[in-house]
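J.: One file is attached below, query-v4.txt, containing compact mmCIF, C-alpha atoms.
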```txt
# COMPACT_ATOMS: atom_id res chain seq x y z
CA MET A 151 35.66 -65.58 4.91
CA LYS A 152 36.08 -61.96 5.94
CA VAL A 153 38.45 -59.92 3.78
CA GLU A 154 39.82 -56.62 5.09
CA ILE A 155 41.01 -53.67 3.00
CA ASP A 156 44.48 -52.12 3.26
CA SER A 157 44.08 -48.63 4.75
CA PHE A 158 46.85 -47.23 2.50
CA SER A 159 46.96 -49.16 -0.76
CA GLY A 160 43.37 -50.40 -0.90
CA HIS A 161 44.53 -54.02 -1.52
CA LYS A 162 42.70 -56.99 -0.02
CA ILE A 163 43.94 -58.54 3.25
CA TYR A 164 42.96 -62.15 3.77
CA PRO A 165 42.55 -63.80 7.19
CA SER A 166 45.78 -64.32 9.19
CA LYS A 167 47.59 -61.86 6.92
CA GLY A 168 48.60 -58.24 7.28
CA ARG A 169 49.42 -55.97 10.18
CA LEU A 170 47.21 -53.99 12.58
CA PHE A 171 47.97 -50.44 13.79
CA VAL A 172 45.97 -48.63 16.48
CA ARG A 173 46.48 -44.88 16.58
CA GLY A 174 46.37 -42.77 19.74
CA ASP A 175 42.77 -41.76 19.06
CA SER A 176 41.80 -45.49 19.09
CA LYS A 177 41.26 -45.56 15.32
CA ILE A 178 42.30 -48.91 13.75
CA PHE A 179 44.29 -49.17 10.49
CA ARG A 180 45.17 -52.39 8.63
CA PHE A 181 48.09 -52.89 6.22
CA SER A 182 48.89 -55.84 3.99
CA LYS A 183 52.69 -55.16 3.98
CA PRO A 184 55.22 -53.33 6.21
CA LYS A 185 55.93 -51.02 3.29
CA HIS A 186 52.34 -49.80 3.27
CA GLU A 187 52.46 -49.18 7.02
CA SER A 188 55.71 -47.25 6.69
CA MET A 189 54.38 -45.02 3.94
CA PHE A 190 51.25 -44.39 5.93
CA LYS A 191 53.28 -43.29 8.96
CA GLN A 192 55.36 -41.08 6.68
CA ARG A 193 52.09 -39.41 5.70
CA LYS A 194 52.45 -40.20 2.05
CA ASN A 195 49.48 -39.43 -0.13
CA PRO A 196 48.12 -42.63 -1.72
CA ARG A 197 46.49 -40.59 -4.50
CA VAL A 198 49.90 -39.82 -6.06
CA ILE A 199 51.38 -43.32 -5.79
CA ALA A 200 50.76 -45.28 -8.95
CA TRP A 201 50.27 -48.75 -7.44
CA THR A 202 47.51 -47.84 -4.95
CA GLN A 203 43.89 -48.55 -5.74
CA VAL A 204 42.95 -44.89 -5.19
CA TYR A 205 45.39 -43.78 -7.88
CA ARG A 206 44.26 -46.47 -10.29
CA ARG A 207 40.59 -45.60 -9.84
CA GLN A 208 41.31 -41.92 -10.45
CA HIS A 209 43.15 -42.74 -13.65
CA ARG A 210 40.76 -45.50 -14.74
CA LYS A 211 43.41 -48.20 -14.71
CA GLY A 212 42.16 -51.73 -15.21
CA VAL A 213 38.53 -50.70 -15.39
CA ALA A 214 36.80 -52.65 -18.11
CA ASP A 215 34.24 -50.72 -20.08
CA GLN A 216 30.89 -52.14 -19.29
CA VAL A 217 28.70 -52.33 -22.30
CA GLN A 218 25.18 -51.66 -21.22
CA LYS A 219 22.46 -53.40 -23.01
CA LYS A 220 20.30 -50.98 -24.93
CA LYS A 221 16.84 -50.95 -23.59
CA THR A 222 14.19 -51.24 -26.18
CA ARG A 223 10.95 -49.40 -25.62
CA LYS A 224 7.85 -50.69 -27.21
CA THR A 225 5.29 -48.08 -28.19
CA VAL A 226 1.76 -49.02 -27.43
CA LYS A 227 -0.87 -47.05 -29.26
CA SER A 228 -4.20 -46.45 -27.62
CA GLN A 229 -7.17 -44.33 -28.47
CA ARG A 230 -8.90 -42.23 -25.86
CA GLY A 231 -11.19 -39.22 -25.52
CA TYR A 232 -10.04 -35.59 -25.61
CA ALA A 233 -11.24 -32.49 -23.76
CA GLY A 234 -14.11 -34.35 -22.13
CA MET A 235 -15.28 -35.90 -25.38
CA SER A 236 -15.49 -39.64 -25.90
CA LEU A 237 -14.27 -41.48 -29.02
CA ALA A 238 -17.83 -41.65 -30.29
CA ASP A 239 -18.26 -37.88 -29.88
CA LEU A 240 -14.97 -37.21 -31.67
CA ALA A 241 -15.93 -39.48 -34.54
CA ALA A 242 -19.34 -37.81 -34.83
CA LYS A 243 -17.75 -34.34 -34.83
CA LYS A 244 -15.29 -35.42 -37.49
CA GLN A 245 -18.11 -36.55 -39.77
CA GLU A 246 -20.17 -33.41 -39.04
CA LYS A 247 -20.94 -31.23 -42.05
CA PRO A 248 -19.65 -27.61 -42.15
CA ALA A 249 -23.17 -26.17 -42.32
CA ASP A 250 -24.28 -28.08 -39.20
CA ARG A 251 -21.10 -27.04 -37.39
CA LEU A 252 -21.71 -23.35 -38.23
CA ALA A 253 -25.33 -23.57 -37.02
CA ALA A 254 -24.23 -25.10 -33.69
CA ARG A 255 -21.62 -22.37 -33.27
CA GLN A 256 -24.18 -19.61 -33.87
CA ALA A 257 -26.58 -21.22 -31.38
CA ALA A 258 -23.83 -21.30 -28.73
CA ILE A 259 -23.01 -17.60 -29.33
CA THR A 260 -26.68 -16.61 -29.05
CA LYS A 261 -27.04 -18.54 -25.79
CA ALA A 262 -23.94 -16.90 -24.29
CA LYS A 263 -25.20 -13.40 -25.21
CA GLN A 264 -28.59 -14.13 -23.66
CA GLU A 265 -26.97 -15.31 -20.39
CA LYS A 266 -24.77 -12.20 -20.29
CA LYS A 267 -27.79 -9.95 -20.83
CA THR A 268 -29.72 -11.69 -18.05
CA THR A 269 -26.79 -11.30 -15.62
CA ALA A 270 -26.41 -7.59 -16.49
CA SER A 271 -30.12 -6.95 -15.84
CA LYS A 272 -29.87 -8.62 -12.42
CA ASP A 273 -26.85 -6.45 -11.50
CA THR A 274 -28.71 -3.30 -12.56
CA LYS A 275 -31.68 -4.20 -10.36
CA ALA A 276 -29.37 -4.88 -7.42
CA LYS A 277 -27.73 -1.45 -7.79
CA VAL A 278 -30.98 0.51 -7.62
CA PHE A 279 -30.85 0.42 -3.80
CA PRO A 280 -27.21 -0.39 -2.86
CA HIS A 281 -27.97 0.42 0.79
CA PRO A 282 -31.02 -0.16 2.98
CA PRO A 283 -33.42 2.82 3.01
CA SER A 284 -32.59 3.43 6.68
CA ILE A 285 -29.04 4.53 5.90
CA LEU A 286 -29.62 6.38 2.63
CA GLN A 287 -28.24 9.90 2.78
CA ILE A 288 -30.79 12.69 2.72
CA VAL A 289 -30.13 15.17 -0.11
CA MET A 290 -30.41 18.72 1.27
CA PRO A 291 -31.43 21.65 -0.96
CA PHE A 292 -28.95 24.50 -1.34
CA THR A 293 -29.38 27.16 1.36
CA PRO A 294 -28.54 30.81 0.54
CA ASP A 295 -26.24 32.75 2.87
CA ALA A 296 -29.08 35.03 3.95
CA GLU A 297 -30.88 32.08 5.57
CA LEU A 298 -27.82 30.87 7.53
CA GLU A 299 -26.21 31.86 10.81
CA LEU A 300 -22.62 32.51 9.64
CA LEU A 301 -19.40 32.72 11.66
CA PHE A 302 -18.34 36.08 10.16
CA ASP A 303 -19.38 38.59 7.53
CA PRO A 304 -19.26 36.95 4.05
CA ALA A 305 -18.25 40.33 2.59
CA LEU A 306 -14.71 39.64 3.88
CA ILE A 307 -14.30 36.91 1.24
CA PRO A 308 -12.57 38.53 -1.79
CA GLU A 309 -14.67 38.81 -4.92
CA SER A 310 -11.64 37.74 -6.96
CA VAL A 311 -11.76 34.33 -5.26
CA LYS A 312 -15.53 33.99 -5.57
CA ALA A 313 -15.24 34.55 -9.31
CA THR A 314 -12.89 31.58 -9.70
CA VAL A 315 -15.16 29.09 -7.90
CA PRO A 316 -17.03 26.80 -10.38
CA ASP A 317 -20.73 27.53 -10.97
CA ASP A 318 -21.85 24.32 -9.23
CA LEU A 319 -20.01 25.30 -6.01
CA HIS A 320 -20.33 28.12 -3.48
CA ILE A 321 -17.79 29.55 -1.02
CA ARG A 322 -18.99 31.09 2.24
CA PRO A 323 -18.18 31.35 5.99
CA LEU A 324 -18.87 28.41 8.27
CA ALA A 325 -22.53 28.08 9.29
CA SER A 326 -24.04 26.84 12.55
CA THR A 327 -25.74 23.95 10.67
CA ASP A 328 -22.68 22.69 8.77
CA LEU A 329 -22.47 19.75 11.15
CA ASN A 330 -25.21 18.19 9.01
CA ARG A 331 -23.38 19.02 5.77
CA SER A 332 -20.52 16.49 6.22
CA GLN A 333 -18.05 19.04 7.60
CA PHE A 334 -16.38 16.46 9.83
CA ASP A 335 -16.19 13.91 7.01
CA VAL A 336 -14.04 16.44 5.13
CA LEU A 337 -11.93 17.19 8.22
CA SER A 338 -11.32 13.44 8.65
CA VAL A 339 -9.37 13.48 5.37
CA LEU A 340 -6.77 15.64 7.16
CA SER A 341 -6.85 14.06 10.63
CA PRO A 342 -9.18 11.81 12.70
CA SER A 343 -12.16 14.03 13.56
CA PRO A 344 -14.98 12.38 15.53
CA LYS A 345 -18.38 14.00 14.98
CA PRO A 346 -19.52 15.88 18.13
CA ALA A 347 -23.02 16.02 19.51
CA PRO A 348 -25.22 18.73 17.95
CA GLU A 349 -25.49 20.62 21.26
CA ALA A 350 -21.70 20.64 21.73
CA TYR A 351 -21.16 21.78 18.13
CA LYS A 352 -23.71 24.59 18.51
CA SER A 353 -22.13 25.73 21.79
CA HIS A 354 -18.63 25.78 20.27
CA PHE A 355 -19.85 27.67 17.21
CA GLU A 356 -21.62 30.29 19.37
CA LEU A 357 -18.43 30.79 21.43
CA LEU A 358 -16.37 31.56 18.32
CA ARG A 359 -19.11 33.76 16.90
CA THR A 360 -19.38 35.70 20.18
CA ILE A 361 -15.62 36.33 20.24
CA ASN A 362 -15.78 37.62 16.66
CA ALA A 363 -18.75 39.85 17.50
CA SER A 364 -17.06 41.32 20.59
CA THR A 365 -13.84 42.19 18.73
CA THR A 366 -15.79 43.62 15.79
CA SER A 367 -17.85 45.81 18.14
CA LEU A 368 -14.57 47.35 19.34
CA GLY A 369 -13.60 48.19 15.76
CA LEU A 370 -11.07 45.33 15.61
CA PRO A 371 -10.84 42.49 13.07
CA PRO A 372 -12.56 39.16 13.95
CA THR A 373 -10.40 36.40 15.41
CA TYR A 374 -11.77 33.12 14.03
CA LEU A 375 -12.55 32.88 10.32
CA THR A 376 -13.44 29.47 8.86
CA LEU A 377 -14.40 29.05 5.21
CA VAL A 378 -16.26 26.21 3.51
CA ILE A 379 -17.00 25.33 -0.10
CA VAL A 380 -20.37 23.63 -0.60
CA THR A 381 -22.02 21.96 -3.58
CA LYS A 382 -25.18 23.60 -4.92
CA SER A 383 -26.67 20.25 -5.95
CA ASP A 384 -26.89 18.71 -2.46
CA ASP A 385 -25.59 21.50 -0.15
CA LYS A 386 -22.65 19.37 1.05
CA VAL A 387 -19.31 20.67 2.39
CA VAL A 388 -16.44 19.54 0.14
CA ALA A 389 -13.60 21.83 1.30
CA THR A 390 -12.77 23.83 4.40
CA GLY A 391 -10.02 25.89 5.99
CA SER A 392 -9.48 28.43 8.78
CA VAL A 393 -7.36 31.48 9.54
CA ILE A 394 -6.89 32.63 13.15
CA MET A 395 -5.87 36.25 13.71
CA GLU A 396 -3.26 36.53 16.48
CA ARG A 397 -2.81 39.90 18.19
CA LYS A 398 0.85 40.51 19.10
CA PHE A 399 2.79 43.06 21.10
CA LEU A 400 5.56 43.00 18.50
CA ARG A 401 5.77 45.38 15.55
CA GLY A 402 3.52 47.98 17.06
CA LEU A 403 0.71 45.69 18.31
CA SER A 404 0.50 43.96 14.93
CA LEU A 405 -1.58 41.04 13.61
CA VAL A 406 -0.43 37.62 12.36
CA GLY A 407 -2.68 35.22 10.47
CA HIS A 408 -2.39 31.48 11.20
CA ILE A 409 -3.88 29.23 8.49
CA GLU A 410 -5.11 25.90 9.84
CA ASP A 411 -7.04 22.75 8.86
CA ILE A 412 -7.00 22.95 5.05
CA SER A 413 -8.93 19.87 3.96
CA VAL A 414 -10.65 18.80 0.71
CA ASP A 415 -12.99 15.88 0.13
CA LYS A 416 -11.25 13.04 -1.72
CA ALA A 417 -14.04 12.95 -4.33
CA VAL A 418 -13.19 16.48 -5.55
CA GLN A 419 -9.42 16.59 -5.04
CA GLY A 420 -7.52 17.80 -8.08
CA LYS A 421 -10.02 20.62 -8.87
CA ARG A 422 -7.90 23.35 -7.17
CA LEU A 423 -10.42 23.83 -4.35
CA GLY A 424 -7.64 23.74 -1.74
CA PHE A 425 -5.78 26.45 -3.70
CA ARG A 426 -8.88 28.67 -3.69
CA VAL A 427 -9.45 28.20 0.05
CA VAL A 428 -5.82 29.07 0.88
CA THR A 429 -5.91 32.08 -1.46
CA ALA A 430 -9.14 33.37 0.12
CA LEU A 431 -7.82 32.94 3.67
CA THR A 432 -4.54 34.65 2.77
CA GLU A 433 -6.30 37.65 1.22
CA ILE A 434 -8.66 37.89 4.22
CA SER A 435 -5.67 37.85 6.59
CA GLU A 436 -3.83 40.52 4.64
CA GLY A 437 -7.01 42.58 4.22
CA LEU A 438 -7.51 42.63 8.00
CA GLY A 439 -4.00 44.08 8.45
CA ALA A 440 -1.80 41.04 9.19
CA TYR A 441 1.84 41.78 8.40
CA LYS A 442 2.39 38.05 7.68
CA THR A 443 0.37 34.85 7.28
CA ILE A 444 1.93 31.56 8.35
CA LEU A 445 1.02 27.87 8.35
CA ASP A 446 2.43 24.46 9.25
CA CYS A 447 2.42 21.53 6.81
CA SER A 448 4.08 18.19 6.12
CA GLU A 449 7.02 17.78 3.75
CA ASP A 450 4.71 16.20 1.14
CA ASN A 451 2.50 19.33 1.04
CA VAL A 452 5.33 21.86 0.68
CA PRO A 453 5.08 21.99 -3.17
CA PHE A 454 1.35 22.75 -2.93
CA TYR A 455 1.82 25.69 -0.56
CA VAL A 456 4.71 27.01 -2.65
CA LYS A 457 2.22 27.25 -5.54
CA CYS A 458 -0.03 29.24 -3.19
CA GLY A 459 2.74 31.81 -2.70
CA TYR A 460 4.27 30.52 0.54
CA LYS A 461 7.89 29.59 1.13
CA PRO A 462 9.65 27.44 3.77
CA LYS A 463 10.96 29.49 6.70
CA GLU A 464 12.47 28.36 10.00
CA ARG A 465 11.26 25.12 11.63
CA GLU A 466 8.14 23.92 13.40
CA MET A 467 8.38 22.67 16.98
CA ALA A 468 5.65 20.71 18.79
CA LYS A 469 5.10 18.95 22.10
CA TYR A 470 2.11 16.67 22.45
CA LYS A 471 0.55 15.71 25.74
CA GLU A 472 1.70 12.20 26.65
CA THR A 473 -1.60 10.93 28.09
CA ALA A 474 -4.42 12.25 25.93
CA PRO A 475 -7.98 12.03 27.33
CA THR A 476 -10.12 9.21 26.01
CA ALA A 477 -12.86 11.60 24.89
CA THR A 478 -13.67 15.30 25.01
CA PRO A 479 -16.32 15.98 27.70
CA ASN A 480 -18.53 17.81 25.19
CA LEU A 481 -18.61 14.94 22.69
```
Represent the structure of the file as structure tokens.

T.:
Amino acid sequence: MKVEIDSFSGHKIYPSKGRLFVRGDSKIFRFSKPKHESMFKQRKNPRVIAWTQVYRRQHRKGVADQVQKKKTRKTVKSQRGYAGMSLADLAAKKQEKPADRLAARQAAITKAKQEKKTTASKDTKAKVFPHPPSILQIVMPFTPDAELELLFDPALIPESVKATVPDDLHIRPLASTDLNRSQFDVLSVLSPSPKPAPEAYKSHFELLRTINASTTSLGLPPTYLTLVIVTKSDDKVVATGSVIMERKFLRGLSLVGHIEDISVDKAVQGKRLGFRVVTALTEISEGLGAYKTILDCSEDNVPFYVKCGYKPKEREMAKYKETAPTATPNL
């Protein structure tokens, strides 16, 4: 026997009883009495009418408290091993004497120390030659200035700056053989700088040196002055910078120094080498007669150059070529 539920009151409707109402949206509603149908059409809320099942459920009318039977849980005790030890091992350890336990502990400590010592000796042997002999760097002996072909006269470097350079370092002009002293590794800290072929490097160096020699022969200051700081232990370039002397028509055919490419090896950053390079280049520029020395830098490097005596002025403008060549012909 199928029993329907009153759509308004929630009462049961037995077969052949009740009324059926089909709304315009084809939804079917069933009512056990005309009163329920009338209240439904009046849009009464069954939740506020006391005799509907919805109201009675909300207010827990006629709901008998069901007493649930308390479930009893029987505890079953079982013995099992712990931390990888069986019951027999646990029982044996419990009956072990304190002296035997201390001896076993000391033996375990001695074994662990021996294993650690063996591992450390293996690591030391592995670090003796961290790289294959074919790629080991060749340590070059320090070369005095008198044995080098320099870009300009080293006497232009102020003695006041030379005195501040640490004893294990040496400041001098760029040399024709600095390609082999990691010059481009230092420049790569500032910007990507692929290492050129030795012939191209030599040709470029000779061009700059010839320009300096020609201007000096006319009684004029040199144009291109690049400094490097090298280590005396392995004759390696660790810092570099340049000043370019621009000859102007303004201010009575005056000179302006442009500082460029200040770069310091990451291994020695924080030792004020960049400060010494900038100071030397500035004093060289002013000593050659420049009425001002200027440079371009990023916002992050402004505090550093302020410490060197510079101050922000005006703005830098730049236009880069849209389609850069894949490689320089001389590389």

J.: At a cut-off of 7 Å, using only C-alpha atoms, what residues contact region 396-413 of chain A? Leave out same-chain residues fewer than 4 positions from it and give the result as a list in words.

T.: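 Using only C-alpha atoms, the neighbours found are Val336, Leu337, Val339, Leu340, Ala389, Thr390, Gly391, Ser392, Gly424, Ser435, Gly439, Ala440, Tyr441, Lys442, Thr443, Ile444 and Leu445 of chain A.
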
J.: Can you work out which one of A:Leu170, A:Lys266, A:Phe158, A:Tyr460 has the shortest atom-to-atom distance to Arg193 (chain A), counting all atoms listed in the file?

T.: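 Of A:Leu170, A:Lys266, A:Phe158, A:Tyr460, the one nearest Arg193 (chain A), counting all atoms listed in the file, is A:Phe158.
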
J.: As lines of an AutoDock Vina configuration file, please: the centre and edge lengths in Å, to one decimal, of an axis-aligned box enclosing every listed atom of region 353-362 of chain A with 5 Å added on each side.

T.:
```
center_x = -18.9
center_y = 31.7
center_z = 19.2
size_x = 16.5
size_y = 21.9
size_z = 15.1
```

J.: For a test of reading the model, state the distance in Å between CA of Ser343 (chain A) and CA of Met290 (chain A), rounded to one decimal.

T.: 22.5 Å

J.: CA of Pro294 (chain A) and CA of Val388 (chain A), how far apart in Å?

T.: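 Pair CA of Val388 (chain A) / CA of Pro294 (chain A) returns 16.5 Å.
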
J.: Could you please determine the separation between CA of Leu358 (chain A) and CA of Leu300 (chain A) in Å, to one decimal place?

T.: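 Answer for the CA of Leu358 (chain A) to CA of Leu300 (chain A) separation: 10.7 Å.
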
J.: Measuring atom to atom with all atoms listed in the file, identify which of A:Tyr470, A:Trp201, A:Gly160, A:Phe425 is nearest to Asn451 (chain A).

T.: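 Answer, going by the shortest atom-to-atom distance: A:Phe425.
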
J.: Using only C-alpha atoms, can you list as a tab-separated table (two decimals) with C-alpha atoms, in the frame of the given file the residues within 10 Å of (44.5, -48.7, 4.1)?

T.:
```tsv
chain	number	residue	atom	x	y	z
A	154	GLU	CA	39.82	-56.62	5.09
A	155	ILE	CA	41.01	-53.67	3.00
A	156	ASP	CA	44.48	-52.12	3.26
A	157	SER	CA	44.08	-48.63	4.75
A	158	PHE	CA	46.85	-47.23	2.50
A	159	SER	CA	46.96	-49.16	-0.76
A	160	GLY	CA	43.37	-50.40	-0.90
A	161	HIS	CA	44.53	-54.02	-1.52
A	162	LYS	CA	42.70	-56.99	-0.02
A	163	ILE	CA	43.94	-58.54	3.25
A	178	ILE	CA	42.30	-48.91	13.75
A	179	PHE	CA	44.29	-49.17	10.49
A	180	ARG	CA	45.17	-52.39	8.63
A	181	PHE	CA	48.09	-52.89	6.22
A	182	SER	CA	48.89	-55.84	3.99
A	186	HIS	CA	52.34	-49.80	3.27
A	187	GLU	CA	52.46	-49.18	7.02
A	190	PHE	CA	51.25	-44.39	5.93
A	196	PRO	CA	48.12	-42.63	-1.72
A	202	THR	CA	47.51	-47.84	-4.95
A	203	GLN	CA	43.89	-48.55	-5.74
```

J.: From the list A:Ala254, A:Val418, A:Val380, A:Val153, which residue is nearest Pro291 (chain A) when using only C-alpha atoms?

T.: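 For Pro291 (chain A), the nearest of the candidates is A:Val380.
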
J.: Taking all atoms listed in the file into account, name the residue in A:Glu356, A:Glu265, A:Leu252, A:Phe302 that is nearest to Pro372 (chain A).

T.: A:Phe302

J.: Which is closest to Gln229 (chain A) among A:Thr314, A:Ala241, A:Ala249, A:Cys458, if we use all atoms listed in the file?

T.: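 That would be A:Ala241, the residue with the smallest distance to Gln229 (chain A).
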
J.: Restricting the calculation to all atoms listed in the file: of A:Lys211, A:His354, A:Lys227, A:Lys312, which residue gets closest to Val427 (chain A)?

T.: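 Looking at the shortest contact to Val427 (chain A), the residue is A:Lys312.
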